[in-house]
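Participant: What follows is final.cif; its format and atoms are mmCIF, C-alpha atoms.
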data_protein
#
loop_
_atom_site.label_atom_id
_atom_site.label_comp_id
_atom_site.auth_asym_id
_atom_site.auth_seq_id
_atom_site.Cartn_x
_atom_site.Cartn_y
_atom_site.Cartn_z
CA MET A 20 9.89 10.69 24.05
CA ASN A 21 6.53 10.34 22.36
CA LYS A 22 8.31 8.91 19.39
CA LEU A 23 10.15 6.43 21.56
CA MET A 24 6.89 5.45 23.24
CA SER A 25 5.14 4.97 19.93
CA ILE A 26 7.96 2.81 18.69
CA VAL A 27 7.86 0.74 21.85
CA LEU A 28 4.07 0.45 21.66
CA ALA A 29 4.09 -0.38 17.98
CA GLY A 30 6.69 -3.04 18.68
CA LEU A 31 4.63 -4.50 21.47
CA VAL A 32 1.45 -4.54 19.41
CA GLY A 33 3.36 -6.16 16.57
CA LEU A 34 4.86 -8.72 18.89
CA MET A 35 1.51 -9.51 20.47
CA THR A 36 -0.19 -9.88 17.13
CA TRP A 37 2.62 -11.99 15.85
CA SER A 38 2.69 -14.25 18.90
CA GLY A 39 -1.10 -14.56 18.81
CA ILE A 40 -0.98 -15.52 15.17
CA ALA A 41 1.97 -17.81 15.70
CA THR A 42 0.17 -19.60 18.53
CA ALA A 43 -2.93 -20.06 16.43
CA ALA A 44 -0.86 -21.34 13.52
CA THR A 45 0.94 -23.97 15.58
CA GLU A 46 -2.40 -25.28 16.74
CA GLY A 47 -3.39 -25.80 13.15
CA ALA A 48 -6.51 -23.80 13.85
CA LYS A 49 -7.72 -20.60 12.25
CA GLN A 50 -5.95 -17.44 13.18
CA LYS A 51 -8.30 -15.35 15.25
CA VAL A 52 -8.08 -11.59 15.24
CA VAL A 53 -10.43 -8.94 16.56
CA TYR A 54 -10.20 -5.36 15.33
CA HIS A 55 -11.37 -2.64 17.73
CA ILE A 56 -12.97 0.45 16.20
CA ASN A 57 -14.23 3.25 18.45
CA GLU A 58 -13.21 6.38 16.55
CA ASP A 59 -15.02 8.12 13.73
CA ASP A 60 -12.25 9.29 11.43
CA PRO A 61 -13.18 7.93 7.97
CA LYS A 62 -9.53 7.80 6.88
CA GLN A 63 -8.59 5.76 9.91
CA GLN A 64 -11.53 3.41 9.29
CA THR A 65 -10.68 3.00 5.61
CA GLY A 66 -7.11 2.25 6.66
CA ALA A 67 -8.35 -0.34 9.14
CA LEU A 68 -10.38 -2.13 6.46
CA ARG A 69 -7.37 -2.09 4.12
CA ASN A 70 -5.28 -3.52 6.95
CA ILE A 71 -7.76 -6.40 7.31
CA GLN A 72 -7.69 -7.04 3.55
CA ASN A 73 -3.89 -7.16 3.67
CA LEU A 74 -4.02 -9.78 6.41
CA ILE A 75 -6.47 -11.84 4.35
CA ASN A 76 -4.21 -11.53 1.31
CA ALA A 77 -1.24 -12.69 3.34
CA VAL A 78 -2.83 -15.58 5.22
CA GLY A 79 -5.84 -16.60 3.15
CA LYS A 80 -9.50 -16.22 4.13
CA ASP A 81 -9.91 -19.90 4.96
CA ASN A 82 -7.25 -19.67 7.64
CA LEU A 83 -8.76 -16.70 9.42
CA ASP A 84 -11.52 -15.88 11.86
CA LEU A 85 -11.81 -12.11 11.76
CA ARG A 86 -14.13 -9.84 13.73
CA VAL A 87 -14.56 -6.10 13.68
CA VAL A 88 -16.09 -4.76 16.90
CA MET A 89 -17.52 -1.26 16.79
CA HIS A 90 -18.78 0.82 19.68
CA GLY A 91 -19.15 4.51 20.52
CA ASN A 92 -17.99 6.73 17.67
CA GLY A 93 -16.75 3.63 15.85
CA VAL A 94 -20.33 2.77 14.88
CA SER A 95 -19.99 5.62 12.35
CA LEU A 96 -18.33 3.01 10.11
CA VAL A 97 -21.73 1.48 9.34
CA LEU A 98 -23.82 4.61 9.91
CA LEU A 99 -25.56 5.80 6.75
CA PRO A 100 -24.89 9.46 5.87
CA ASP A 101 -28.61 10.32 5.73
CA ALA A 102 -29.07 9.00 9.28
CA LEU A 103 -26.85 11.71 10.74
CA GLY A 104 -29.85 14.02 11.32
CA ARG A 105 -31.82 11.35 13.21
CA VAL A 106 -29.28 9.90 15.59
CA LYS A 107 -27.63 11.40 18.67
CA GLY A 108 -23.97 12.06 19.38
CA PHE A 109 -22.38 11.31 15.99
CA LYS A 110 -20.29 13.81 14.08
CA ASN A 111 -19.54 11.48 11.16
CA ALA A 112 -21.52 8.90 9.21
CA ASN A 113 -19.02 7.08 7.04
CA ALA A 114 -21.05 4.36 5.30
CA ASP A 115 -20.95 6.04 1.89
CA PRO A 116 -21.01 3.85 -1.26
CA GLN A 117 -17.23 3.49 -1.19
CA MET A 118 -17.17 2.31 2.43
CA GLN A 119 -20.16 0.04 1.76
CA ALA A 120 -18.21 -1.63 -1.05
CA ALA A 121 -15.21 -2.18 1.22
CA ILE A 122 -17.44 -3.65 3.94
CA ASP A 123 -19.19 -5.93 1.41
CA ALA A 124 -15.86 -7.15 0.05
CA LEU A 125 -14.65 -8.11 3.52
CA LYS A 126 -17.97 -9.73 4.51
CA GLY A 127 -17.68 -11.81 1.36
CA GLN A 128 -14.40 -13.14 2.71
CA GLY A 129 -15.89 -14.09 6.06
CA VAL A 130 -15.20 -11.01 8.17
CA ALA A 131 -17.90 -10.40 10.80
CA PHE A 132 -18.85 -6.82 11.70
CA LYS A 133 -20.20 -6.57 15.25
CA VAL A 134 -22.05 -3.54 16.58
CA CYS A 135 -22.49 -2.56 20.24
CA ASN A 136 -26.16 -2.51 21.23
CA ASN A 137 -25.42 -0.21 24.12
CA THR A 138 -24.23 2.45 21.69
CA LEU A 139 -27.32 2.00 19.50
CA THR A 140 -29.59 2.50 22.49
CA ASN A 141 -27.74 5.49 23.93
CA ARG A 142 -27.44 7.26 20.61
CA LYS A 143 -30.96 6.55 19.35
CA VAL A 144 -29.80 4.50 16.38
CA ASN A 145 -32.36 2.37 14.55
CA ARG A 146 -30.65 -0.76 13.33
CA ASP A 147 -32.87 -1.22 10.26
CA GLU A 148 -33.04 2.38 9.07
CA ASP A 149 -29.76 4.00 10.12
CA LEU A 150 -27.15 1.32 9.60
CA TYR A 151 -25.74 -0.33 6.51
CA MET A 152 -26.58 -4.05 6.46
CA VAL A 153 -26.49 -4.80 10.16
CA GLY A 154 -28.65 -7.79 11.09
CA ALA A 155 -29.77 -9.07 14.47
CA ALA A 156 -26.89 -11.54 14.49
CA ASP A 157 -24.41 -8.69 14.12
CA ILE A 158 -25.45 -7.07 17.39
CA VAL A 159 -23.51 -7.69 20.60
CA PRO A 160 -24.84 -6.43 23.95
CA ARG A 161 -21.69 -4.51 24.88
CA GLY A 162 -18.81 -3.83 22.52
CA VAL A 163 -16.22 -3.65 25.27
CA ALA A 164 -17.38 -6.88 26.88
CA GLU A 165 -17.24 -8.55 23.46
CA LEU A 166 -13.60 -7.50 23.10
CA ALA A 167 -12.81 -9.04 26.45
CA ILE A 168 -14.71 -12.23 25.68
CA LEU A 169 -13.03 -12.70 22.30
CA GLN A 170 -9.58 -12.17 23.80
CA GLY A 171 -10.50 -14.79 26.37
CA GLN A 172 -11.17 -17.13 23.43
CA GLY A 173 -7.72 -16.56 22.02
CA PHE A 174 -8.35 -13.70 19.62
CA ALA A 175 -5.43 -11.38 19.03
CA TYR A 176 -6.45 -7.78 19.66
CA ILE A 177 -5.64 -5.04 17.18
CA LYS A 178 -6.54 -1.39 17.59
CA PRO A 179 -5.90 0.00 14.11
CA MET B 7 51.87 31.54 31.49
CA LYS B 8 48.84 33.59 30.50
CA PRO B 9 45.33 32.04 30.78
CA SER B 10 45.01 31.92 27.02
CA ASP B 11 48.33 30.06 26.88
CA GLU B 12 47.05 27.57 29.41
CA PHE B 13 44.03 27.00 27.25
CA GLU B 14 46.21 26.52 24.21
CA LEU B 15 48.53 24.19 26.15
CA ASN B 16 45.52 21.99 26.84
CA ALA B 17 44.63 22.05 23.19
CA PHE B 18 48.21 21.12 22.31
CA VAL B 19 48.23 18.19 24.71
CA ASP B 20 44.88 17.05 23.33
CA GLY B 21 46.25 17.24 19.80
CA GLU B 22 43.63 19.76 18.75
CA LEU B 23 45.96 22.37 17.25
CA SER B 24 46.77 22.87 13.61
CA ALA B 25 50.10 21.61 12.31
CA ASP B 26 51.52 25.17 12.26
CA GLN B 27 50.45 25.88 15.85
CA GLN B 28 51.83 22.55 16.99
CA ALA B 29 55.18 23.38 15.42
CA GLU B 30 55.19 26.72 17.25
CA TRP B 31 54.55 24.99 20.59
CA LEU B 32 57.23 22.38 20.01
CA GLU B 33 59.65 25.19 19.19
CA ALA B 34 58.64 27.08 22.35
CA MET B 35 59.07 23.98 24.53
CA ARG B 36 62.53 23.38 23.20
CA ALA B 37 63.40 26.88 24.35
CA ASP B 38 61.56 26.64 27.67
CA PRO B 39 62.10 23.40 29.70
CA GLU B 40 59.53 24.58 32.32
CA LEU B 41 56.86 24.74 29.61
CA ALA B 42 57.85 21.28 28.36
CA ARG B 43 57.52 19.90 31.92
CA GLN B 44 54.06 21.46 32.26
CA ALA B 45 52.95 19.94 28.97
CA CYS B 46 54.25 16.54 30.06
CA GLU B 47 52.48 16.75 33.44
CA LEU B 48 49.24 17.81 31.83
CA GLY B 49 49.46 14.93 29.40
CA GLN B 50 49.96 12.47 32.26
CA LEU B 51 47.10 13.96 34.24
CA LYS B 52 44.77 13.63 31.30
CA ALA B 53 45.88 10.04 30.75
CA GLN B 54 45.16 9.25 34.40
CA ILE B 55 41.72 10.83 34.19
CA ARG B 56 40.96 8.87 31.05
CA LEU B 57 42.00 5.72 32.83
CA ALA B 58 39.84 6.48 35.86
CA TYR B 59 36.69 7.62 34.09
CA GLY B 60 36.81 5.84 30.79
CA SER B 61 36.62 9.23 29.17
CA PRO B 62 37.50 12.66 30.61
CA PRO B 63 34.62 14.60 32.14
CA GLN B 64 33.41 17.17 29.66
CA VAL B 65 33.92 20.73 30.80
CA ARG B 66 31.79 22.53 28.29
CA ARG B 67 28.61 21.23 26.84
CA ARG B 68 26.17 22.75 24.47
CA ASN B 69 22.53 22.92 25.52
CA ALA B 70 21.47 20.55 22.78
CA ASP B 71 23.83 17.96 24.18
CA LYS B 72 22.32 18.38 27.61
CA VAL B 73 18.86 17.87 26.22
CA ARG B 74 19.95 14.81 24.33
CA GLU B 75 21.62 13.58 27.49
CA SER B 76 18.42 13.98 29.49
CA TRP B 77 16.49 12.06 26.83
CA ARG B 78 18.99 9.32 27.20
CA ALA B 79 18.62 9.45 30.95
CA VAL B 80 14.84 9.24 30.68
CA ALA B 81 15.08 6.33 28.25
CA ALA B 82 17.58 4.60 30.50
CA SER B 83 15.43 5.14 33.56
CA ILE B 84 12.42 3.71 31.77
CA THR B 85 14.42 0.65 30.86
CA LEU B 86 15.62 0.36 34.43
CA LEU B 87 12.10 0.76 35.74
CA ALA B 88 10.87 -1.91 33.37
CA VAL B 89 13.65 -4.26 34.43
CA GLY B 90 13.00 -3.45 38.08
CA LEU B 91 9.30 -3.96 37.72
CA VAL B 92 9.64 -7.28 35.96
CA SER B 93 12.28 -8.61 38.32
CA GLY B 94 10.33 -7.32 41.29
CA TRP B 95 7.30 -9.07 40.00
CA LEU B 96 9.22 -12.29 39.43
CA LEU B 97 10.69 -12.15 42.93
CA HIS B 98 7.33 -11.29 44.40
CA ALA B 99 5.52 -14.01 42.50
CA GLY B 100 7.07 -16.64 44.73
CA ASN B 101 5.60 -15.01 47.78
CA PRO B 102 1.88 -14.72 47.20
CA GLY B 103 0.92 -14.45 50.85
CA GLU B 104 2.67 -11.14 51.34
CA LYS B 105 0.29 -8.32 52.09
CA THR B 106 0.64 -4.79 50.96
CA ALA B 107 -1.06 -1.62 52.07
CA ASN B 108 -4.49 -0.71 50.81
CA ALA B 109 -5.76 -4.25 51.23
CA GLY B 110 -9.41 -3.43 50.56
CA ARG B 111 -8.53 -2.59 46.99
CA PHE B 112 -6.78 -5.67 45.72
CA VAL B 113 -6.18 -4.95 42.11
CA VAL B 114 -3.10 -2.83 41.64
CA LEU B 115 -1.08 -3.48 44.69
CA ASP B 116 -1.79 -7.17 44.53
CA ALA B 117 -2.59 -7.61 48.17
CA ASP B 118 -3.06 -11.35 48.74
CA GLY B 119 -1.14 -11.85 45.51
CA ARG B 120 -4.32 -12.16 43.50
CA GLY B 121 -3.02 -10.00 40.70
CA GLN B 122 -0.11 -12.31 40.17
CA ALA B 123 -2.18 -15.34 39.43
CA PRO B 124 -2.69 -15.72 35.72
CA ALA B 125 -6.29 -15.62 34.59
CA VAL B 126 -7.24 -19.24 34.17
CA ALA B 127 -10.49 -20.63 32.90
CA ALA B 128 -11.19 -22.33 36.21
CA ASP B 129 -11.64 -19.20 38.26
CA GLU B 130 -13.97 -17.66 35.67
CA GLU B 131 -12.98 -14.16 36.62
CA THR B 132 -12.95 -11.75 33.72
CA ARG B 133 -10.03 -9.34 33.92
CA ILE B 134 -9.76 -6.31 31.75
CA VAL B 135 -7.12 -3.62 31.62
CA PHE B 136 -8.10 -0.43 29.82
CA HIS B 137 -5.16 1.57 28.51
CA LEU B 138 -6.22 5.22 28.28
CA THR B 139 -3.86 7.40 26.22
CA ASN B 140 -6.39 9.97 25.03
CA ALA B 141 -6.75 13.38 26.70
CA ASP B 142 -10.28 13.88 25.34
CA GLN B 143 -12.58 13.97 28.37
CA THR B 144 -15.57 12.95 26.23
CA VAL B 145 -13.77 9.76 25.26
CA ALA B 146 -12.83 9.26 28.90
CA GLY B 147 -16.48 9.74 29.86
CA GLU B 148 -17.58 7.09 27.38
CA LEU B 149 -14.96 4.78 28.81
CA LEU B 150 -16.42 5.32 32.29
CA ASP B 151 -19.90 4.58 30.87
CA GLU B 152 -18.63 1.30 29.45
CA VAL B 153 -16.81 0.39 32.62
CA GLU B 154 -19.78 1.17 34.83
CA GLY B 155 -22.13 -0.73 32.54
CA MET B 156 -19.88 -3.77 32.61
CA LEU B 157 -19.42 -3.68 36.37
CA ASN B 158 -23.19 -3.49 36.84
CA ALA B 159 -23.96 -6.21 34.30
CA TYR B 160 -21.35 -8.63 35.68
CA ALA B 161 -22.42 -7.97 39.25
CA ALA B 162 -26.06 -8.60 38.30
CA ASP B 163 -25.12 -11.91 36.64
CA GLY B 164 -22.88 -12.90 39.53
CA HIS B 165 -19.81 -13.11 37.28
CA PRO B 166 -16.57 -12.01 38.90
CA LEU B 167 -14.93 -9.10 37.09
CA ARG B 168 -11.85 -6.99 37.68
CA VAL B 169 -11.14 -3.80 35.84
CA GLU B 170 -8.12 -1.53 35.78
CA VAL B 171 -8.01 1.79 33.98
CA VAL B 172 -4.38 2.67 33.31
CA SER B 173 -3.93 6.36 32.50
CA HIS B 174 -0.76 6.95 30.61
CA SER B 175 0.71 9.74 28.50
CA GLU B 176 -2.07 12.20 27.63
CA GLY B 177 -4.61 9.87 29.18
CA LEU B 178 -3.27 10.93 32.57
CA ASP B 179 -5.49 14.02 32.36
CA LEU B 180 -8.44 11.93 33.55
CA LEU B 181 -6.72 11.47 36.91
CA ARG B 182 -5.29 14.98 37.29
CA GLU B 183 -6.98 17.18 39.89
CA SER B 184 -6.87 20.22 37.62
CA LEU B 185 -7.81 18.59 34.30
CA SER B 186 -10.13 15.67 35.00
CA GLY B 187 -13.67 16.19 33.78
CA HIS B 188 -14.93 13.27 35.86
CA LYS B 189 -13.53 13.58 39.39
CA GLU B 190 -16.81 13.11 41.23
CA ARG B 191 -17.88 10.23 39.01
CA ILE B 192 -14.58 8.42 39.45
CA HIS B 193 -14.91 8.82 43.19
CA GLN B 194 -18.45 7.40 43.15
CA LEU B 195 -17.38 4.45 41.01
CA ALA B 196 -14.33 3.75 43.15
CA MET B 197 -16.47 3.76 46.28
CA ARG B 198 -19.08 1.47 44.76
CA PHE B 199 -16.78 -1.07 43.12
CA SER B 200 -13.79 -2.48 44.96
CA ASN B 201 -12.94 -4.45 41.82
CA LEU B 202 -12.27 -1.25 39.88
CA THR B 203 -8.96 0.58 40.09
CA PHE B 204 -7.68 3.75 38.50
CA VAL B 205 -3.96 3.70 37.87
CA ALA B 206 -1.68 6.62 37.02
CA CYS B 207 1.66 6.17 35.26
CA LYS B 208 4.57 7.59 37.26
CA ASN B 209 6.78 7.88 34.18
CA THR B 210 4.26 10.29 32.72
CA ILE B 211 4.11 12.28 35.94
CA ASP B 212 7.92 12.50 36.08
CA ARG B 213 8.10 13.43 32.43
CA LEU B 214 5.64 16.31 32.86
CA LYS B 215 7.81 17.61 35.68
CA VAL B 216 11.09 17.35 33.78
CA GLU B 217 9.84 18.59 30.44
CA ARG B 218 7.30 21.22 31.39
CA GLY B 219 7.91 21.87 35.07
CA ILE B 220 4.40 20.67 35.96
CA GLU B 221 3.83 19.33 39.47
CA VAL B 222 1.06 16.81 38.82
CA LYS B 223 -1.57 16.55 41.52
CA LEU B 224 -3.64 13.41 41.20
CA ILE B 225 -7.19 12.89 42.35
CA PRO B 226 -7.38 10.88 45.60
CA ASP B 227 -8.80 7.78 43.91
CA ALA B 228 -5.76 7.26 41.68
CA GLU B 229 -3.13 4.65 42.45
CA VAL B 230 0.36 5.16 41.06
CA ILE B 231 2.38 2.57 39.20
CA ASP B 232 5.94 3.07 37.91
CA SER B 233 5.31 2.47 34.24
CA GLY B 234 1.96 2.30 32.49
CA VAL B 235 3.42 0.41 29.55
CA SER B 236 5.13 -2.20 31.71
CA HIS B 237 1.93 -2.60 33.65
CA VAL B 238 -0.32 -3.29 30.66
CA VAL B 239 2.29 -5.69 29.26
CA LYS B 240 2.41 -7.50 32.59
CA ARG B 241 -1.37 -7.74 32.68
CA GLN B 242 -1.52 -9.23 29.20
CA ARG B 243 1.13 -11.77 30.13
CA GLU B 244 -1.11 -12.71 33.03
CA GLY B 245 -3.97 -13.33 30.65
CA TRP B 246 -5.92 -10.12 31.09
CA SER B 247 -7.90 -8.73 28.19
CA TYR B 248 -6.44 -5.50 26.91
CA ILE B 249 -8.45 -2.66 25.45
CA ARG B 250 -6.87 0.57 24.33
CA VAL B 251 -8.89 3.74 24.52
#
Can you turn what I pasted into structure tokens?

Facilitator:
Amino acid sequence: MNKLMSIVLAGLVGLMTWSGIATAATEGAKQKVVYHINEDDPKQQTGALRNIQNLINAVGKDNLDLRVVMHGNGVSLVLLPDALGRVKGFKNANADPQMQAAIDALKGQGVAFKVCNNTLTNRKVNRDEDLYMVGAADIVPRGVAELAILQGQGFAYIKP
Amino acid sequence: MKPSDEFELNAFVDGELSADQQAEWLEAMRADPELARQACELGQLKAQIRLAYGSPPQVRRRNADKVRESWRAVAASITLLAVGLVSGWLLHAGNPGEKTANAGRFVVLDADGRGQAPAVAADEETRIVFHLTNADQTVAGELLDEVEGMLNAYAADGHPLRVEVVSHSEGLDLLRESLSGHKERIHQLAMRFSNLTFVACKNTIDRLKVERGIEVKLIPDAEVIDSGVSHVVKRQREGWSYIRV
């Protein structure tokens, strides 16, 4: 049953992504995709970044408008390991040198990494000291609202 | 004829005997016209049954087969539900004035047909469906934080917002009387915000009953929809934002 459900869900997600991308392509505009990250498993996050790179390889960075939106536990993607003692509510801080390199590589290809300000406030995270290369422009007031807004602008939604 | 013979006669008619056994039976029938008549009648009966039912009803079934059968039944019922839901929605879409019960809470049951209107830029209403499939009550709590924050922020700005939280699979725990870690909070939110609805998936409830014998009792603030998956698909088709938790 669970297997059947996962297959159905995977199919739906695939179909939605595909139709979103297809729609964008027919308009001759950039393909817009937002990736939603709210879990703190480093393997899952690494996989998500690889997934994004694969999309770039397939479609080309000039044809894409890619966003990664992090909130809740997902902020661990850019949380520096030495910040773990200072902040509240995080079990993992995954921005080790390897993850930093993966983030840099994607940023270099135009991927924007957006962080939920609400999470930073609630969990006592200092943007300058605790996070890896997150500037004022990378902050969104609410991660969830950002996901809704981007979908309203035609972004395909992917939860890796 | 002894019972074991009757059993073997059936096997003979069905062609399930070995060549040697078959030869024995043919020999016996030559000697016994009554036995030959019985075999002939049985053969005809079976042919009639096959004709009537497509295939003869199975007398004996192993447990594994039954289980597989019930999987198939569940899968088939899901498909039927999905078809029913979609066709019901299509039929209903032409009749937006029809009212349903629970009119104060317009989201799920689509009183006034508002839920059937696709989200268009003109009405500027933000519509979000959260798909909760996680049993972790901490995650569910964070979801409620987000939802409450959004409802407050949008209300303060005067922007219309509608939110549905669809609890499906393991996410159903949030809406179960015995397992929810946030009953009181959900009640408070539901009282404060008429544009917020908590939806439980009936397929999941039925599945818990069939598979584990659990009678699910939902908290009073939960609405029930036939299929959580169909519902979130429908919402996305209508232009809602979708966020999986």

Participant: Which residues would end up in the selection if the PyMOL selection byres ((chain B) within 10 of (chain A)) were applied here, given that I need the answer as an NGL selection string?

Facilitator: :B and (77-78 or 80-81 or 125-127 or 132-136 or 145 or 148-149 or 151-153 or 155-156 or 159-160 or 175 or 213 or 235 or 239 or 242-243 or 245-251)

Participant: Counting all atoms listed in the file, what is within 9 Å of segment 60-69 of chain A, bar same-chain residues fewer than 3 positions away, as a ChimeraX atom specification?

Facilitator: /A:54,56,72-74,92-93,95-96,111-113,118,121-122,125,178-179

Participant: What is the distance, in Å and to one decimal place, between atom CA of Gln44 of chain B and atom CA of Glu12 of chain B?

Facilitator: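 Interatomic distance here is 9.7 Å.
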
Participant: Neighbouring residues of Gln143 of chain B were defined as those with any atom within 8 Å, considering all atoms listed in the file; residues of the same chain fewer than 2 positions away were excluded. Please report them as a PyMOL selection string.

Facilitator: chain B and resi 141+145-147+180+186-188

Participant: Just to confirm, what's the straight-line distance from atom CA of Met197 of chain B to atom CA of Asn136 of chain A in Å (one decimal)?

Facilitator: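 Atom-to-atom, atom CA of Met197 of chain B and atom CA of Asn136 of chain A are spaced 27.6 Å apart.
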
Participant: Between A:Val53, A:Val153, A:Val144, A:Val159, which one has atoms that come closest to Arg105 of chain A, using all atoms listed in the file?

Facilitator: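 Checking each of A:Val53, A:Val153, A:Val144, A:Val159 against Arg105 of chain A, counting all atoms listed in the file, the winner is A:Val144.
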
Participant: Ranking A:Asp84, A:Asp149, A:Ile75, A:Asp101 by minimum distance to Ala124 of chain A and counting all atoms listed in the file, which one comes first?

Facilitator: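 Under the stated criterion, the closest residue is A:Ile75.
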